[in-house]
Every structure is written in C-alpha cells, then in structure tokens.
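Enquirer: You'll find run.txt just under this line, and it carries compact mmCIF, C-alpha atoms.
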```
# COMPACT_ATOMS: atom_id res chain seq x y z
CA MET A 1 3.44 -18.91 56.12
CA VAL A 2 6.28 -20.28 53.99
CA SER A 3 9.73 -19.47 55.39
CA ILE A 4 13.19 -19.32 53.83
CA LYS A 5 13.99 -22.60 55.63
CA ASP A 6 11.06 -24.28 53.86
CA VAL A 7 12.45 -23.15 50.50
CA ALA A 8 15.93 -24.37 51.44
CA LYS A 9 14.56 -27.80 52.42
CA ALA A 10 12.55 -28.13 49.21
CA ALA A 11 15.53 -27.15 47.05
CA GLY A 12 18.01 -29.27 49.01
CA VAL A 13 20.28 -26.33 49.80
CA SER A 14 21.17 -24.20 52.81
CA ALA A 15 19.11 -21.20 53.94
CA SER A 16 22.09 -18.93 53.20
CA THR A 17 22.12 -20.12 49.57
CA VAL A 18 18.45 -19.22 49.25
CA SER A 19 19.25 -15.80 50.71
CA HIS A 20 22.05 -15.27 48.18
CA VAL A 21 19.69 -16.14 45.30
CA ILE A 22 16.99 -13.76 46.54
CA ASN A 23 19.30 -10.86 47.36
CA GLU A 24 21.86 -11.46 44.59
CA THR A 25 24.65 -11.03 47.12
CA ARG A 26 26.88 -13.88 45.88
CA TYR A 27 27.38 -16.03 42.81
CA VAL A 28 25.23 -19.18 42.83
CA ALA A 29 25.70 -21.92 40.22
CA PRO A 30 22.94 -21.84 37.56
CA LEU A 31 21.62 -25.34 38.39
CA THR A 32 21.42 -24.54 42.11
CA ARG A 33 19.82 -21.16 41.39
CA GLN A 34 17.18 -22.86 39.23
CA LYS A 35 16.36 -25.34 42.05
CA VAL A 36 15.88 -22.45 44.47
CA GLU A 37 13.73 -20.46 42.04
CA ASP A 38 11.58 -23.55 41.31
CA ALA A 39 11.08 -24.11 45.07
CA ILE A 40 10.15 -20.44 45.59
CA GLN A 41 7.55 -20.65 42.82
CA SER A 42 6.06 -23.98 43.86
CA LEU A 43 5.78 -22.97 47.53
CA GLY A 44 4.57 -19.44 46.78
CA PHE A 45 7.29 -17.92 48.94
CA GLN A 46 7.18 -14.11 49.32
CA PRO A 47 10.54 -12.66 50.43
CA SER A 48 10.46 -9.90 53.05
CA MET A 49 11.19 -6.68 51.19
CA MET A 50 12.44 -4.96 54.33
CA ALA A 51 14.78 -7.85 55.11
CA ARG A 52 16.13 -7.72 51.57
CA ALA A 53 16.55 -3.95 51.84
CA LEU A 54 18.66 -4.32 54.96
CA LYS A 55 20.95 -6.77 53.21
CA VAL A 56 21.44 -4.94 49.91
CA LYS A 57 21.02 -1.43 51.35
CA ARG A 58 18.33 -0.67 48.74
CA THR A 59 14.54 -0.64 49.01
CA ASN A 60 13.69 -0.02 45.35
CA ILE A 61 11.31 2.69 46.58
CA ILE A 62 11.12 6.24 45.24
CA GLY A 63 9.34 8.87 47.30
CA MET A 64 7.48 11.76 45.72
CA LEU A 65 6.24 15.02 47.27
CA VAL A 66 3.54 16.94 45.39
CA SER A 67 1.61 20.00 46.50
CA SER A 68 -1.64 18.98 44.79
CA SER A 69 -2.29 15.60 43.21
CA SER A 70 -5.74 16.84 42.10
CA ASN A 71 -4.13 19.16 39.53
CA PRO A 72 -4.62 17.33 36.17
CA PHE A 73 -1.11 18.28 35.03
CA PHE A 74 0.40 16.88 38.24
CA ALA A 75 -1.68 13.72 37.88
CA ASP A 76 -0.31 13.12 34.39
CA VAL A 77 3.28 13.67 35.60
CA VAL A 78 2.68 11.16 38.41
CA ARG A 79 1.33 8.68 35.85
CA GLY A 80 4.64 8.98 33.98
CA VAL A 81 6.62 8.47 37.20
CA GLU A 82 4.55 5.39 38.03
CA GLU A 83 5.17 3.93 34.57
CA GLY A 84 8.92 4.47 34.89
CA CYS A 85 8.95 2.82 38.31
CA TYR A 86 6.83 -0.13 37.15
CA GLN A 87 9.03 -0.79 34.12
CA ASN A 88 12.08 -0.98 36.39
CA ASN A 89 10.61 -2.91 39.34
CA PHE A 90 10.56 0.10 41.66
CA SER A 91 7.72 1.18 43.94
CA LEU A 92 6.46 4.74 44.34
CA ILE A 93 5.22 6.36 47.55
CA LEU A 94 3.26 9.53 46.76
CA CYS A 95 2.60 12.22 49.39
CA ASN A 96 0.24 15.15 48.74
CA SER A 97 0.74 18.22 50.95
CA GLY A 98 -2.36 20.13 49.85
CA HIS A 99 -0.20 23.28 49.62
CA GLN A 100 0.53 23.09 53.38
CA SER A 101 4.17 23.72 54.34
CA ASP A 102 4.03 21.85 57.67
CA ARG A 103 2.41 18.84 56.05
CA GLN A 104 5.02 18.87 53.30
CA LEU A 105 7.87 18.67 55.83
CA ALA A 106 6.04 15.92 57.75
CA ASN A 107 5.60 13.97 54.51
CA LEU A 108 9.32 14.31 53.80
CA ASN A 109 10.16 12.84 57.20
CA THR A 110 7.74 9.97 56.59
CA LEU A 111 9.41 9.15 53.27
CA LEU A 112 12.88 9.23 54.83
CA GLN A 113 11.72 6.83 57.56
CA ARG A 114 10.63 4.44 54.80
CA ARG A 115 14.26 4.35 53.63
CA ILE A 116 13.52 5.59 50.11
CA ASP A 117 16.28 5.27 47.51
CA ALA A 118 15.50 8.59 45.81
CA LEU A 119 13.19 11.59 46.12
CA MET A 120 11.10 13.62 43.68
CA VAL A 121 9.58 17.03 44.46
CA MET A 122 6.87 18.83 42.47
CA THR A 123 5.25 21.95 43.94
CA THR A 124 3.41 25.00 42.59
CA LYS A 125 5.12 27.34 45.06
CA THR A 126 8.72 27.32 46.28
CA ASP A 127 8.89 26.58 50.02
CA PRO A 128 12.20 27.80 51.55
CA ALA A 129 11.79 25.45 54.54
CA LEU A 130 11.46 22.42 52.27
CA TYR A 131 14.42 23.41 50.10
CA HIS A 132 16.49 23.95 53.26
CA GLN A 133 15.65 20.39 54.34
CA LEU A 134 16.59 19.05 50.91
CA SER A 135 20.07 20.53 51.42
CA LYS A 136 20.49 18.28 54.48
CA LEU A 137 19.81 15.05 52.61
CA GLY A 138 23.39 14.55 51.47
CA ASP A 139 23.82 12.03 48.66
CA LEU A 140 20.16 10.97 48.43
CA PRO A 141 19.37 11.27 44.69
CA LYS A 142 16.79 14.00 44.09
CA ALA A 143 14.77 15.22 41.12
CA ILE A 144 12.85 18.49 41.05
CA LEU A 145 9.95 18.50 38.59
CA ASP A 146 8.46 21.72 37.19
CA SER A 147 9.56 23.65 40.31
CA ALA A 148 12.46 25.83 41.42
CA PRO A 149 15.84 24.09 40.86
CA HIS A 150 17.95 22.85 43.76
CA PRO A 151 21.78 22.81 43.63
CA ASN A 152 21.96 19.14 44.66
CA ALA A 153 19.19 17.82 42.41
CA CYS A 154 18.35 17.16 38.79
CA THR A 155 15.71 19.62 37.56
CA LEU A 156 13.21 18.48 34.91
CA GLN A 157 11.06 21.09 33.17
CA ASP A 158 9.64 22.17 29.87
CA ASP A 159 11.11 25.18 28.07
CA SER A 160 8.55 27.63 29.48
CA VAL A 161 10.15 30.70 27.88
CA LEU A 162 9.64 29.07 24.49
CA GLY A 163 6.14 27.96 25.49
CA GLY A 164 5.17 31.48 26.57
CA ARG A 165 6.50 32.89 23.33
CA LEU A 166 4.68 30.27 21.21
CA ALA A 167 1.37 31.07 22.90
CA THR A 168 1.73 34.83 22.48
CA GLU A 169 3.01 34.65 18.90
CA HIS A 170 0.02 32.51 17.98
CA LEU A 171 -2.38 35.14 19.33
CA ILE A 172 -0.50 37.91 17.51
CA GLY A 173 -0.46 35.84 14.33
CA ARG A 174 -4.26 35.64 14.48
CA GLY A 175 -4.46 39.42 14.35
CA LEU A 176 -4.90 39.99 18.10
CA THR A 177 -2.99 42.91 19.60
CA LYS A 178 -4.64 43.64 22.97
CA ILE A 179 -3.40 40.65 24.98
CA GLY A 180 -3.54 40.02 28.72
CA CYS A 181 -2.38 37.11 30.84
CA LEU A 182 -3.37 35.07 33.89
CA MET A 183 -0.11 34.28 35.66
CA GLY A 184 0.92 31.81 38.35
CA PRO A 185 2.61 32.70 41.67
CA GLU A 186 5.18 35.47 41.32
CA ASP A 187 7.95 33.23 42.70
CA HIS A 188 7.09 30.16 40.61
CA PRO A 189 9.93 29.58 38.10
CA ARG A 190 7.72 28.26 35.28
CA SER A 191 5.37 31.23 35.67
CA ILE A 192 8.32 33.65 35.57
CA GLU A 193 9.61 31.99 32.40
CA ARG A 194 6.20 31.97 30.66
CA TYR A 195 5.84 35.67 31.41
CA LYS A 196 9.30 36.27 29.98
CA GLY A 197 8.25 34.49 26.76
CA PHE A 198 5.03 36.53 26.70
CA LYS A 199 6.88 39.85 27.07
CA THR A 200 9.50 38.88 24.49
CA ALA A 201 6.84 38.17 21.86
CA MET A 202 4.86 41.32 22.70
CA GLU A 203 7.92 43.57 22.53
CA ALA A 204 9.14 41.95 19.30
CA ALA A 205 5.76 42.79 17.74
CA GLY A 206 5.86 46.35 19.09
CA LEU A 207 2.79 45.77 21.28
CA PRO A 208 2.24 47.32 24.74
CA VAL A 209 2.19 45.08 27.84
CA GLU A 210 -0.78 46.34 29.85
CA THR A 211 -0.74 45.54 33.58
CA LYS A 212 -4.50 46.20 33.80
CA TRP A 213 -4.97 43.04 31.72
CA GLN A 214 -2.83 40.90 34.04
CA ALA A 215 -3.63 38.96 37.21
CA ALA A 216 -1.59 36.49 39.28
CA GLY A 217 -2.99 33.40 41.01
CA LEU A 218 -2.25 29.92 42.30
CA LEU A 219 -2.60 28.11 38.96
CA THR A 220 -6.07 26.89 39.99
CA ALA A 221 -9.45 27.25 38.28
CA SER A 222 -10.72 29.48 41.10
CA SER A 223 -7.73 31.83 40.81
CA GLY A 224 -8.24 31.98 37.04
CA TYR A 225 -11.88 32.87 37.62
CA GLU A 226 -11.09 35.60 40.16
CA GLY A 227 -8.22 36.97 38.07
CA MET A 228 -10.36 37.14 34.94
CA LYS A 229 -13.13 38.94 36.83
CA LYS A 230 -10.57 41.54 37.88
CA ILE A 231 -9.40 42.01 34.28
CA LEU A 232 -13.00 42.39 33.11
CA GLU A 233 -13.33 45.43 35.40
CA ALA A 234 -10.93 47.41 33.16
CA ASP A 235 -12.35 50.37 31.22
CA ASN A 236 -11.47 48.66 27.95
CA LEU A 237 -11.09 44.90 27.53
CA PRO A 238 -8.36 42.73 26.01
CA GLU A 239 -8.97 40.81 22.83
CA ALA A 240 -7.18 37.73 24.14
CA ILE A 241 -5.96 36.10 27.35
CA PHE A 242 -2.94 33.83 27.79
CA ALA A 243 -3.62 31.64 30.84
CA PHE A 244 -0.46 30.12 32.31
CA ASN A 245 -2.16 26.75 32.76
CA ASP A 246 -5.35 25.06 31.59
CA LEU A 247 -6.97 25.23 35.03
CA MET A 248 -6.73 29.03 35.01
CA ALA A 249 -8.11 29.01 31.46
CA MET A 250 -11.10 27.03 32.72
CA GLY A 251 -11.76 29.65 35.40
CA ALA A 252 -11.37 32.40 32.79
CA TYR A 253 -14.01 30.71 30.61
CA ARG A 254 -16.57 30.93 33.38
CA ALA A 255 -15.83 34.57 34.20
CA ILE A 256 -15.96 35.62 30.54
CA GLN A 257 -19.24 33.81 29.93
CA GLU A 258 -20.81 35.17 33.13
CA HIS A 259 -19.89 38.63 31.87
CA GLY A 260 -22.08 38.01 28.83
CA LEU A 261 -19.16 37.64 26.44
CA CYS A 262 -18.37 34.88 23.94
CA ILE A 263 -15.17 32.88 23.37
CA PRO A 264 -13.49 33.45 20.96
CA GLU A 265 -15.66 36.13 19.28
CA ASP A 266 -15.24 38.66 22.12
CA ILE A 267 -12.17 37.33 23.93
CA SER A 268 -9.83 34.57 22.74
CA VAL A 269 -8.22 32.27 25.31
CA ILE A 270 -5.08 30.14 25.10
CA GLY A 271 -3.94 27.85 27.92
CA TYR A 272 -0.87 25.84 28.89
CA ASP A 273 -0.36 22.11 29.65
CA ASP A 274 -2.92 20.40 27.33
CA VAL A 275 -4.56 18.37 30.09
CA GLU A 276 -7.14 15.81 29.00
CA TYR A 277 -10.25 17.96 29.53
CA ALA A 278 -8.89 20.80 27.31
CA SER A 279 -10.30 19.07 24.21
CA TYR A 280 -13.74 18.78 25.88
CA MET A 281 -14.18 22.40 26.93
CA ALA A 282 -16.66 24.54 24.99
CA PRO A 283 -15.14 25.87 22.85
CA THR A 284 -12.24 23.42 22.79
CA LEU A 285 -9.13 25.02 24.28
CA THR A 286 -6.15 26.04 22.18
CA THR A 287 -3.15 25.43 24.43
CA ILE A 288 0.56 24.77 24.74
CA LYS A 289 1.21 21.08 25.29
CA GLN A 290 3.68 20.46 28.06
CA PRO A 291 4.93 16.85 27.81
CA SER A 292 3.73 16.00 31.33
CA PHE A 293 3.76 12.19 31.08
CA GLU A 294 7.22 12.28 29.48
CA LEU A 295 8.38 14.63 32.26
CA GLY A 296 7.47 12.08 34.93
CA LEU A 297 8.81 9.14 32.95
CA SER A 298 12.13 10.92 32.31
CA ALA A 299 12.47 11.78 36.00
CA ALA A 300 11.94 8.17 37.08
CA GLU A 301 14.35 6.83 34.47
CA ALA A 302 17.04 9.39 35.37
CA LEU A 303 16.89 8.48 39.06
CA ILE A 304 16.77 4.71 38.47
CA ASN A 305 19.63 4.79 35.94
CA HIS A 306 21.67 6.75 38.47
CA LEU A 307 20.92 4.19 41.19
CA GLU A 308 21.51 1.07 39.09
CA GLU A 309 24.08 2.12 36.51
CA LYS A 310 25.86 4.79 38.61
CA THR A 311 25.31 7.25 35.77
CA LYS A 312 25.76 10.93 36.56
CA MET A 313 22.48 12.82 36.71
CA PRO A 314 22.40 15.96 34.54
CA PRO A 315 21.66 19.21 36.41
CA VAL A 316 18.78 20.03 34.03
CA ILE A 317 16.60 18.03 31.63
CA LYS A 318 14.44 20.26 29.38
CA LEU A 319 11.54 19.07 27.26
CA VAL A 320 10.08 20.99 24.30
CA PRO A 321 6.50 22.39 24.42
CA GLU A 322 4.14 22.28 21.42
CA LEU A 323 1.25 24.46 20.23
CA ILE A 324 -2.09 22.58 20.06
CA LEU A 325 -4.66 24.31 17.82
CA ARG A 326 -8.34 24.14 18.75
CA SER A 327 -11.28 26.57 18.77
CA SER A 328 -10.76 29.14 21.54
CA VAL A 329 -8.70 31.60 19.47
CA ILE A 330 -10.33 33.67 16.73
CA ASN A 331 -8.69 34.31 13.36
CA GLN A 332 -8.68 38.04 12.52
CA GLU A 333 -6.04 37.89 9.79
```
Please, can you express the file's structure as structure tokens?
Expert:
Amino acid sequence: MVSIKDVAKAAGVSASTVSHVINETRYVAPLTRQKVEDAIQSLGFQPSMMARALKVKRTNIIGMLVSSSSNPFFADVVRGVEEGCYQNNFSLILCNSGHQSDRQLANLNTLLQRRIDALMVMTTKTDPALYHQLSKLGDLPKAILDSAPHPNACTLQDDSVLGGRLATEHLIGRGLTKIGCLMGPEDHPRSIERYKGFKTAMEAAGLPVETKWQAAGLLTASSGYEGMKKILEADNLPEAIFAFNDLMAMGAYRAIQEHGLCIPEDISVIGYDDVEYASYMAPTLTTIKQPSFELGLSAAEALINHLEEKTKMPPVIKLVPELILRSSVINQE
C-alpha cells in the first residue's frame, strides 16, 4: 500500500508538505503542489479520509434519516440529495428506520458516531423522542424535509395548503361536488396543510365537507385501500376522492375496482406527489406534482453552502406544487 512517505519521496518534498497539499491546511507553492499531485496520481495514492477529517475537522459526510426509503416520493427526494452531495464532493449515509422509533434513535447515534457534518430528517410521522434528541445536537446543521419543523433546523417543504386547494378546485371545476379525501396521519404537518387547502376550496364553493367520505392512514397503499373500503360503506358514495399521496390513490384504485365501480366514470381520483408510476396506472392518475427531486437537491445545497460558505440557513424553504392532468378525473362541466 502506498504511503504518504512514498509520495513525499517521489515528489522530493517532506511528508508534512504532502499532508498540507492533501488537507489544504497551509499555502504550498504552485510548482511544489503540482509535483505532489503528480506523485499522488502516478503512485495511485489514496489518502485516508478519516485522517483528513481529524485534521480539518470535516468529514464531508451528510447523514440522512428516513422512515421509509421504499416510498417512491422519499426515493425521489433521496435521489435529489445524492445528486447535490455528488456535485459538491460530499458523501451521503442513508438510514431507514422502517417507521420504528427505537431504530430511528439508534440510526441517529450511528450517524453521530460517523462524525457527520450535517443531518437531514424525513419522516411520515412526527416522533417526539427523535425531535427531543435533535434539540441536543447543538450547532450541527440540520434540515427537516417534508416533516414537522424543528426550531434549530431548516425546514424544506412544498406549499401543501396550495396543493390541497389546487387538487380540490380541479375536482370542483370538473363539475364534481360530492368530494371525499384519504388523509395522512393526523399529526403529519403536510397532511394537516393539504386538508386545510381541501376545506378552503370546499367552503369557498359552498360545498359540504362530509366526514363519512374521509379516512386517515399512514400514506401507504394499504392504508389507502382500507380507507377507501371504509368510505365505500357509506349509504351514498362520493363522486371524487382526493388522496393525500399517490400511494393512497393506488390503494383507492383497488378498493374502487373491487367494489365493481369504474374510475373516473363512477368515482374520480386525484393524488399527490406525481411519483413515476402515476403515469402508468390505469387510468393514468391526475395528481399534484410535488417537486421531490428539487426538494432533496435544495436541502443538500443549503446544508453544503452553509458548511463551506458560512451562509445562514433560512428557517423555511418552500417549493411550489403543480397540477398534472391525466385520465382519472371525469369532466362533468
């Protein structure tokens, strides 16, 4: 294995000079620097990242806690985070808790032991124990994505009130008046905001908000399926369903079709997120596009700019949702 002494010998300099070139801890004359870099390349020297981290007090590693990396929306956010890290020569360590609180706290401890430079958190349900631990992390830069805000972190989210209103107004604009919704967890901030947008649009149109056409779940396909089955037990059925994410819309599709009904002729469905499979569902899913990739990319860039440029992180970064028209909503105008 090539050592730092081998590089120093090949370049005709001291080992400390090689160290200064690698770690950028002191000015080195351009000609000398070039000799060292040429020796590193010719010998195939790989500096110890941990040794460098100890010297410069930075690891160039961002840790990320997610509650479910199998969620297509989460996966697209993570893809954006990875792109932001790659573009800036940072590494990402991703930990999936599988919605388990104990595992989430254990993952946090693991990331801290790896001496991460910054932390991202993205969960479908607010965990008081986790947020309590985040309060103990002092000056460690933190970003909260699509989850409940934290006073010592930058929160990145789409404007879910606007998104909820866009979805509901589209249904109303198509002549639909009996509208139900499949909601996320009652304490999930994005779910709360989407419901607020839903109610605002319904009340503005003078339409009743019927609780018998509402069901809450965990923003999964199975919870959408079970919630839709519950709604279908009502004595009279809604004309349309606003699902608070595309996974719940997928579950709703199955329940509606098992009930012998057609989409959109009997019940229209609109989702939220615009994950990749939405355009392959039958019928293709009308949905609200949440800029998931951009959410992850913006989070990575905000943290890295803060670390490298000492820029102040804003308390909130909001991205704008967009209505995507497909075939799952009927036109009764």
Enquirer: What lies within 7 Å of A:Ser68 using only C-alpha atoms, ignoring chain neighbours under 6 positions off, as a ChimeraX atom specification?
Expert: /A:96-99
Enquirer: Which residues are close to A:Tyr280, i.e. within 12 Å by all atoms listed in the file, leaving aside same-chain residues fewer than 4 positions away? Reply as a ChimeraX atom specification.
Expert: /A:246,250,274-276,284-286,326-328
Enquirer: Atom CA of A:Leu237 to atom CA of A:Leu166: how many Å, to one decimal?
Expert: 22.4 Å
Enquirer: Smallest atom-to-atom distance to A:Ile116: which of A:Gly163, A:Pro264, A:Pro141, A:Gly84, using all atoms listed in the file?
Expert: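 Closest to A:Ile116, using all atoms listed in the file: A:Pro141.
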Enquirer: Suppose you want the space between atom CA of A:Ala129 and atom CA of A:Ala216; what is it in Å?
Expert: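 Distance reported for this atom pair: 23.1 Å.
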Enquirer: Return the single residue from A:Pro72, A:Pro314, A:Gly260, A:Gly271 that is closest to A:Ala167, with distances computed using only C-alpha atoms.
Expert: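 Closest to A:Ala167 of all the choices is A:Gly271.
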Enquirer: What is the atom CA of A:Ala8-atom CA of A:Leu31 distance in Å, reported with one decimal?
Expert: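 Interatomic distance here is 14.3 Å.
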Enquirer: With all atoms listed in the file as the counted atoms, please give the residues lying no more than 7 Å from A:Val81, apart from itself and same-chain residues fewer than 2 positions off, as a list in words.
Expert: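 Once the nearby chain positions are removed, what remains is Val77, Val78, Arg79, Glu83, Gly84, Cys85, Gly296, Leu297, Ala299 and Ala300 of chain A.
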Enquirer: What are the closest atom pairs, with distances in Å to one decimal, for all residues of stretch 82-146 of chain A lying within 10 Å of stretch 176-197 of chain A? Consider only C-alpha atoms, order rows by chain and residue number, and present the result as a Markdown table.
Expert:
```
| residue | atom | partner | partner_atom | distance |
| --- | --- | --- | --- | --- |
| A:Thr123 | CA | A:His188 | CA | 9.0 |
| A:Thr124 | CA | A:His188 | CA | 6.6 |
| A:Lys125 | CA | A:His188 | CA | 5.6 |
| A:Thr126 | CA | A:His188 | CA | 6.5 |
| A:Asp127 | CA | A:Asp187 | CA | 9.9 |
| A:Asp146 | CA | A:Arg190 | CA | 6.9 |
```
Enquirer: List the spatial neighbours of A:Gly12 as a VMD selection string - criterion: any atom at most 12 Å away, all atoms listed in the file, same-chain residues fewer than 3 positions off excluded.
Expert: chain A and resid 5 to 9 15 to 18 31 to 36 38 to 39
Enquirer: Leaving out A:Ser223 and any residue of its chain fewer than 2 positions from it, which residues lie within 12 Å of it when counting all atoms listed in the file, given as a VMD selection string?
Expert: chain A and resid 182 to 185 215 to 221 225 to 230 243 to 252 254 to 255
Enquirer: Kindly save the residues from that selection, with C-alpha atoms included, as a PDB file, in the coordinates of the input.
Expert:
```pdb
ATOM      1  CA  LEU A 182      -3.370  35.070  33.890  1.00  0.00           C
ATOM      2  CA  MET A 183      -0.110  34.280  35.660  1.00  0.00           C
ATOM      3  CA  GLY A 184       0.920  31.810  38.350  1.00  0.00           C
ATOM      4  CA  PRO A 185       2.610  32.700  41.670  1.00  0.00           C
ATOM      5  CA  ALA A 215      -3.630  38.960  37.210  1.00  0.00           C
ATOM      6  CA  ALA A 216      -1.590  36.490  39.280  1.00  0.00           C
ATOM      7  CA  GLY A 217      -2.990  33.400  41.010  1.00  0.00           C
ATOM      8  CA  LEU A 218      -2.250  29.920  42.300  1.00  0.00           C
ATOM      9  CA  LEU A 219      -2.600  28.110  38.960  1.00  0.00           C
ATOM     10  CA  THR A 220      -6.070  26.890  39.990  1.00  0.00           C
ATOM     11  CA  ALA A 221      -9.450  27.250  38.280  1.00  0.00           C
ATOM     12  CA  TYR A 225     -11.880  32.870  37.620  1.00  0.00           C
ATOM     13  CA  GLU A 226     -11.090  35.600  40.160  1.00  0.00           C
ATOM     14  CA  GLY A 227      -8.220  36.970  38.070  1.00  0.00           C
ATOM     15  CA  MET A 228     -10.360  37.140  34.940  1.00  0.00           C
ATOM     16  CA  LYS A 229     -13.130  38.940  36.830  1.00  0.00           C
ATOM     17  CA  LYS A 230     -10.570  41.540  37.880  1.00  0.00           C
ATOM     18  CA  ALA A 243      -3.620  31.640  30.840  1.00  0.00           C
ATOM     19  CA  PHE A 244      -0.460  30.120  32.310  1.00  0.00           C
ATOM     20  CA  ASN A 245      -2.160  26.750  32.760  1.00  0.00           C
ATOM     21  CA  ASP A 246      -5.350  25.060  31.590  1.00  0.00           C
ATOM     22  CA  LEU A 247      -6.970  25.230  35.030  1.00  0.00           C
ATOM     23  CA  MET A 248      -6.730  29.030  35.010  1.00  0.00           C
ATOM     24  CA  ALA A 249      -8.110  29.010  31.460  1.00  0.00           C
ATOM     25  CA  MET A 250     -11.100  27.030  32.720  1.00  0.00           C
ATOM     26  CA  GLY A 251     -11.760  29.650  35.400  1.00  0.00           C
ATOM     27  CA  ALA A 252     -11.370  32.400  32.790  1.00  0.00           C
ATOM     28  CA  ARG A 254     -16.570  30.930  33.380  1.00  0.00           C
ATOM     29  CA  ALA A 255     -15.830  34.570  34.200  1.00  0.00           C
TER      30      ALA A 255
END
```
Enquirer: Using all atoms listed in the file, find the one residue out of A:Leu295, A:Val329, A:Ile62, A:Tyr131 that sits nearest to A:Pro283.
Expert: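 Closest candidate: A:Val329.
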Enquirer: Taking all atoms listed in the file into account, name the residue in A:Ser3, A:Asn152, A:Asn23, A:Asn107 that is nearest to A:Leu140.
Expert: A:Asn152
Enquirer: Counting all atoms listed in the file, figure out which residue out of A:Ile144, A:Ile330, A:Ala153, A:Leu171 gets nearest to A:Val121.
Expert: A:Ile144
